[in-house]
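Reviewing the structure listed below.
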Number of protein chains: 2
Amino acid sequence: MSKRLQEQVNLISDTLEKNSDSSVSGFLESMSPAEISRVIESLPLDLRGPLWRQVTLLKKGEVLLELQGILRSSLIKQTDEQELIACLSVMQMDEIADLDDYLPMSVVSAMVKTMDIQRRERYEQVKLYPDDVAGGLMDVDATAVRGDVSFSAVFRYLRRLRQREGSLPEHLDSLMVIDRHNRFMGTLPLSNLVSYDTSTTVSDVMICNVVGITPLTSALEVTRIFEDQDLLSAPVIDDKGYLVGRITVDDVINVIRDQADREVLGRAGLDQHEDMFAPVINSSLRRAIWLGINLLTAFLAAWVIGLFEGSIEKMVALAVLMPVVASMGGVAGSQTLTLVTRGMALDQISRRNIWKLAAHELAIGGFNGVFWAAVVAVVAYYWFNDLMLGLVFGAAMLIVIFIGALVGTFIPLILKRIGVDPALAGGVVLTTATDAIGFFAFLGLATVMLF
Amino acid sequence: MSKRLQEQVNLISDTLEKNSDSSVSGFLESMSPAEISRVIESLPLDLRGPLWRQVTLLKKGEVLLELQGILRSSLIKQTDEQELIACLSVMQMDEIADLDDYLPMSVVSAMVKTMDIQRRERYEQVKLYPDDVAGGLMDVDATAVRGDVSFSAVFRYLRRLRQREGSLPEHLDSLMVIDRHNRFMGTLPLSNLVSYDTSTTVSDVMICNVVGITPLTSALEVTRIFEDQDLLSAPVIDDKGYLVGRITVDDVINVIRDQADREVLGRAGLDQHEDMFAPVINSSLRRAIWLGINLLTAFLAAWVIGLFEGSIEKMVALAVLMPVVASMGGVAGSQTLTLVTRGMALDQISRRNIWKLAAHELAIGGFNGVFWAAVVAVVAYYWFNDLMLGLVFGAAMLIVIFIGALVGTFIPLILKRIGVDPALAGGVVLTTATDAIGFFAFLGLATVMLF
């Protein structure tokens, strides 16, 4: 949220807190739908409804799109069906397709009835694809011109289009160029259109470099193509070479942001759409699941410790030092895990370099294992005045740091193979492994060597 | 990395592995600088040099810009000074400013000598600002037109500009509009330029909505403004109202990506520019620091356990169960910490809602604390057949989950106040606190209640 927006949030919530019926539409008028959705999210529950009722019809649909899933559903419930239908009638086709899963069936069927044939066909086309592929991101209303016409004709076409529609599509940085069979030929950047003579033929200065996005290209792959090639927009072309739509960079930014949020929140077992002010009971239940999973893994570690009760009874220093071993293994392992998971997300890890990478991580694990083993052996020796205890502690440290690197390298590969997202589950699996191995190595070695 | 790129990487490394002198320039020709940098990063160390030598002068500068810091320096060292100067001469001013800190002084001063006065002035202007503010992101070569001229005049200007420079600036989606004193008036989207009559006057259809980016606006704030308002480019305006540059969405995507990388890698104590194939000794040393910090905190927790050696000696079950308490406190706390840290990053947390948020988190902590306290009390009772031990274990669990929520809420606020990034340091501070508190609560309660 930008500073200007932050100030507006404060003004709006001051106004509504005093009297929830007072008008804040003056503020809302100058704000983009994305900004209004940020404002709604930072308001407490009881002020969200009063604000929502003051958002204009023209913006309501886009505001809903920008909101988190749960909040979106809750505001839709508070909105009259006729009003929802009116909101939909002013939205773009790809936006409608992203929203309609959240709408009551009755609203969706009423909306489809109001569509003309062309619009209905487009709607059905967009609905073919899920959100996580190019087909779900694209806008089907791509503005296209023929390759064999002159710039003058293009200008005439665009001027007529504006007169008819009131405006050109949002984020128009280039026009799609098609041949007379409607096959995709290339793109014409507006910066070329405005800087060559009006007698120029489109195909002479269009860009033919096809980036190869099909409707089924994954959203992740689309973000990579946009980043690798610094694109503002890209055509979506089907396998027969026909233009089916256009993806713009703002959709790509949303995908990048969502993915980053998902990764950061997912690591703590939080839902991507966690609302800071959701009802306590809902938040508690969602988080309880993660705590439960963690409890199981913690009891597994406790069970490992329980195997060595006898040794701990003989030497209570083992109980004092054992969490240090487990913790260092966890940290060393998570460094490797994070790096490998990220390398996989960027597709920089393949069968051809995975063994080099594993060797690299194990070498680092070996180096740090030896170093910290020496450090902790000395510390334990002075603390408990027991040379053998120091040696056992050091040896366990070496083992757990080295094994941390080993499991940190292979856990994400195995998880991906079995279809689990390593960015979400990797941390739990790793900690379970390093805890169990750490306790086992330290207490097991102690049992064998010290008694 | 896109699939197509992945295939090219495989072909290139196959070719170079057979013979490091063989030509791969055919592949490189069709690739963008960002793509070439991805390829270099995924090649093993010994093949990077041979590939680098084959990159053309025109792309070398931009490839360097896209590379991670350490790798960038290493390739610069492998490049002839004359060649570096030639690379710089074809780069944009903002790109040069991002690169020159990595270049030998002799190259920079030779480059400045080759500049004409206008270029040298621009260079000095860009060098005024650090990378993390708008001034460091902006391009100073913004294409501007006067507000009082007609579209025909604009077209004439743009056609002349193309003839003179060979091309218009990259990512040109709108022109800046200035008055006759060079003050900023608004922006003219190219989509307006191409769809109104040529007799239209610029100021009649320009967009005056100023987003308010100054050269000192933080890069983070810039990304928020772009996301909130779905921008492709934005003017940078100084406090006197003069246009000083232009920021484009591709720079913003880089900032978003960098920030996400920094957060994910920083949590594991990794450098943002960690190279998967950096020399083992360098990687080991960088990671050793984080392990060392963690070791200190782990010894702190061990010291807390050491305070209760007598109790553990009397009842070794305490040693078995104590890691479970600490671990659950850590997980509960990190859920709150992650949510609050993210809310702060999005500026959704302010003095006016922090107490509501804290109450919300504490209520969730209370709910989950009571629930899991009951669960673990029963488990411990059946495991060790000791009712009092079960009750003490449950009570400690309730305390640590509740306190986890408390410290999870306030640690990021305190860290931010003292100028430390909560996304990087929050996890360590939290784990230290929940470990120490968890061990103390459980062992302390046990000492008081059980003996």
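In the structure tokens, chains take the letters A, B, ... in the order shown, each chain's residues start at 1, and ligands count up from 1 in the order shown.
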Q. Can you list every residue in range 49-211 of chain A that DSSP puts in strand (DSSP E or B), as an MDAnalysis selection string?
A. chainID A and resid 133 139 144:146 150 174:178 183:189 201 207
Q: Can you pull out every residue within 7 Å of Asp228 in chain B, counting only C-alpha atoms, but drop anything in the same chain fewer than 6 positions away, and send it as a PyMOL selection string?
A: chain A and resi 32+34-35
Q: Could you tell me which of A:Asp100, A:Asp238, A:Glu83, A:Glu227 comes closest to Gly135 in chain A if we count only C-alpha atoms?
A: A:Asp238
Q. Using only C-alpha atoms, which of B:Gln163, B:Thr248, B:Thr434, B:Gln259 sits nearest Gly330 in chain B?
A. B:Thr434
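We find CA of Leu103 in chain B and CA of Gln348 in chain A to be spaced 27.4 Å apart.
Using only C-alpha atoms, the contacts of Asp239 in chain A at a cut-off of 12 Å, with sequence neighbours closer than 3 positions omitted, comprise Arg183, Phe184, Gly212, Ile213, Thr214, Pro215, Leu216, Thr217, Val236, Tyr242, Leu243 and Val244 of chain A.
Residues surrounding Asn209 in chain A within 12 Å are Phe184, Met185, Gly186, Thr187, Leu188, Val205, Met206, Gly212, Ile213, Gln229, Leu231, Ala234 and Pro235 of chain A; Ser30, Met31 and Ser32 of chain B [only C-alpha atoms; sequence separation below 3 positions excluded].
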**Q.** Minimum-distance residue to Leu270 in chain B, chosen among A:Arg257, A:Lys127, A:Arg146, A:Arg342 (using only C-alpha atoms)
**A.** A:Arg342
Test item: residues at most 8 Å from Leu443 in chain A, only C-alpha atoms, excluding those fewer than 3 positions along its chain, as a PDB file with N, CA and C atoms, in the first residue's frame:
ATOM      1  N   ILE A 305      13.963 -39.921  21.404  1.00  0.00           N
ATOM      2  CA  ILE A 305      14.633 -39.621  22.676  1.00  0.00           C
ATOM      3  C   ILE A 305      14.291 -40.701  23.708  1.00  0.00           C
ATOM      4  N   PHE A 308      16.306 -43.733  24.479  1.00  0.00           N
ATOM      5  CA  PHE A 308      17.570 -43.608  25.199  1.00  0.00           C
ATOM      6  C   PHE A 308      17.377 -43.095  26.630  1.00  0.00           C
ATOM      7  N   SER A 311      20.165 -43.886  29.107  1.00  0.00           N
ATOM      8  CA  SER A 311      21.409 -43.121  28.985  1.00  0.00           C
ATOM      9  C   SER A 311      21.255 -41.728  29.576  1.00  0.00           C
ATOM     10  N   LEU A 318      23.342 -35.035  28.569  1.00  0.00           N
ATOM     11  CA  LEU A 318      22.860 -35.396  27.233  1.00  0.00           C
ATOM     12  C   LEU A 318      21.562 -34.650  26.918  1.00  0.00           C
ATOM     13  N   MET A 322      21.253 -32.145  23.711  1.00  0.00           N
ATOM     14  CA  MET A 322      20.628 -32.738  22.523  1.00  0.00           C
ATOM     15  C   MET A 322      19.846 -31.750  21.638  1.00  0.00           C
ATOM     16  N   PHE A 439      18.830 -36.416  17.210  1.00  0.00           N
ATOM     17  CA  PHE A 439      18.689 -37.044  18.517  1.00  0.00           C
ATOM     18  C   PHE A 439      19.271 -38.460  18.505  1.00  0.00           C
ATOM     19  N   PHE A 440      18.977 -39.188  17.418  1.00  0.00           N
ATOM     20  CA  PHE A 440      19.440 -40.569  17.342  1.00  0.00           C
ATOM     21  C   PHE A 440      20.969 -40.627  17.307  1.00  0.00           C
ATOM     22  N   ALA A 446      26.372 -41.595  22.220  1.00  0.00           N
ATOM     23  CA  ALA A 446      26.664 -41.477  23.659  1.00  0.00           C
ATOM     24  C   ALA A 446      26.477 -42.825  24.352  1.00  0.00           C
ATOM     25  N   THR A 447      25.387 -43.522  24.005  1.00  0.00           N
ATOM     26  CA  THR A 447      25.102 -44.815  24.623  1.00  0.00           C
ATOM     27  C   THR A 447      26.220 -45.816  24.344  1.00  0.00           C
TER      28      THR A 447
END
**Q.** Test item, helix (DSSP H, G or I) assignment across range 7-94 of chain A, answer as JSON, numbers by chain
**A.** {"A": [7, 8, 9, 10, 11, 12, 13, 14, 15, 16, 17, 18, 25, 26, 27, 28, 29, 33, 34, 35, 36, 37, 38, 39, 40, 41, 42, 45, 46, 47, 48, 49, 50, 51, 52, 53, 57, 58, 59, 60, 61, 62, 63, 64, 65, 66, 69, 70, 71, 72, 73, 74, 75, 76, 77, 81, 82, 83, 84, 85, 86, 87, 88, 89, 93, 94]}
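Among B:Met449, B:Leu58, B:Ala423, B:Ile418, the residue with the shortest atom-to-atom distance to chain A, counting only C-alpha atoms, is B:Ala423.
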**Q.** Contact residues around Phe367 in chain B with only C-alpha atoms at 12 Å, ignoring same-chain residues under 5 positions, as an MDAnalysis selection string
**A.** (chainID A and resid 280:288) or (chainID B and resid 332 360:362 372:374 397:399 401:402 405)
Store the residues picked out above in a file with C-alpha atoms, as an mmCIF file, in the first residue's frame.
data_model
loop_
_atom_site.group_PDB
_atom_site.id
_atom_site.type_symbol
_atom_site.label_atom_id
_atom_site.label_comp_id
_atom_site.auth_asym_id
_atom_site.auth_seq_id
_atom_site.Cartn_x
_atom_site.Cartn_y
_atom_site.Cartn_z
ATOM 1 C CA VAL A 280 -11.034 -16.124 15.287
ATOM 2 C CA ILE A 281 -12.637 -19.532 15.094
ATOM 3 C CA ASN A 282 -11.999 -19.893 11.335
ATOM 4 C CA SER A 283 -8.372 -18.784 11.615
ATOM 5 C CA SER A 284 -7.833 -21.058 14.595
ATOM 6 C CA LEU A 285 -9.144 -24.130 12.808
ATOM 7 C CA ARG A 286 -7.030 -23.483 9.696
ATOM 8 C CA ARG A 287 -3.888 -23.050 11.759
ATOM 9 C CA ALA A 288 -4.678 -26.001 14.017
ATOM 10 C CA ALA B 332 2.467 -21.218 16.555
ATOM 11 C CA HIS B 360 -7.023 -11.433 17.208
ATOM 12 C CA GLU B 361 -3.731 -13.347 17.296
ATOM 13 C CA LEU B 362 -3.873 -13.848 21.074
ATOM 14 C CA TRP B 372 -3.520 -28.780 21.954
ATOM 15 C CA ALA B 373 -2.883 -28.614 25.710
ATOM 16 C CA ALA B 374 -5.772 -31.026 26.179
ATOM 17 C CA MET B 397 1.867 -26.222 25.968
ATOM 18 C CA LEU B 398 -0.890 -23.666 26.589
ATOM 19 C CA ILE B 399 1.637 -21.145 27.885
ATOM 20 C CA ILE B 401 1.495 -21.391 22.240
ATOM 21 C CA PHE B 402 -0.056 -18.291 23.773
ATOM 22 C CA ALA B 405 1.383 -15.597 19.454
#
**Q.** Distance of CA of Leu175 in chain A from CA of Tyr157 in chain B, expressed in Å to one decimal place
**A.** 21.8 Å
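Ranking A:Val202, A:Val392, A:Ala278, A:Leu413 by their shortest atom-to-atom distance to Thr341 in chain A, with only C-alpha atoms included, puts A:Leu413 first.
Distance check against Arg119 in chain B using only C-alpha atoms: of B:Ala433, B:Cys87, B:Ile36, B:Met93, the minimum falls on B:Met93.
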Q: Just give me the gap between CA of Asp141 in chain B and CA of Leu232 in chain B in Å, one decimal is fine.
A: 16.4 Å
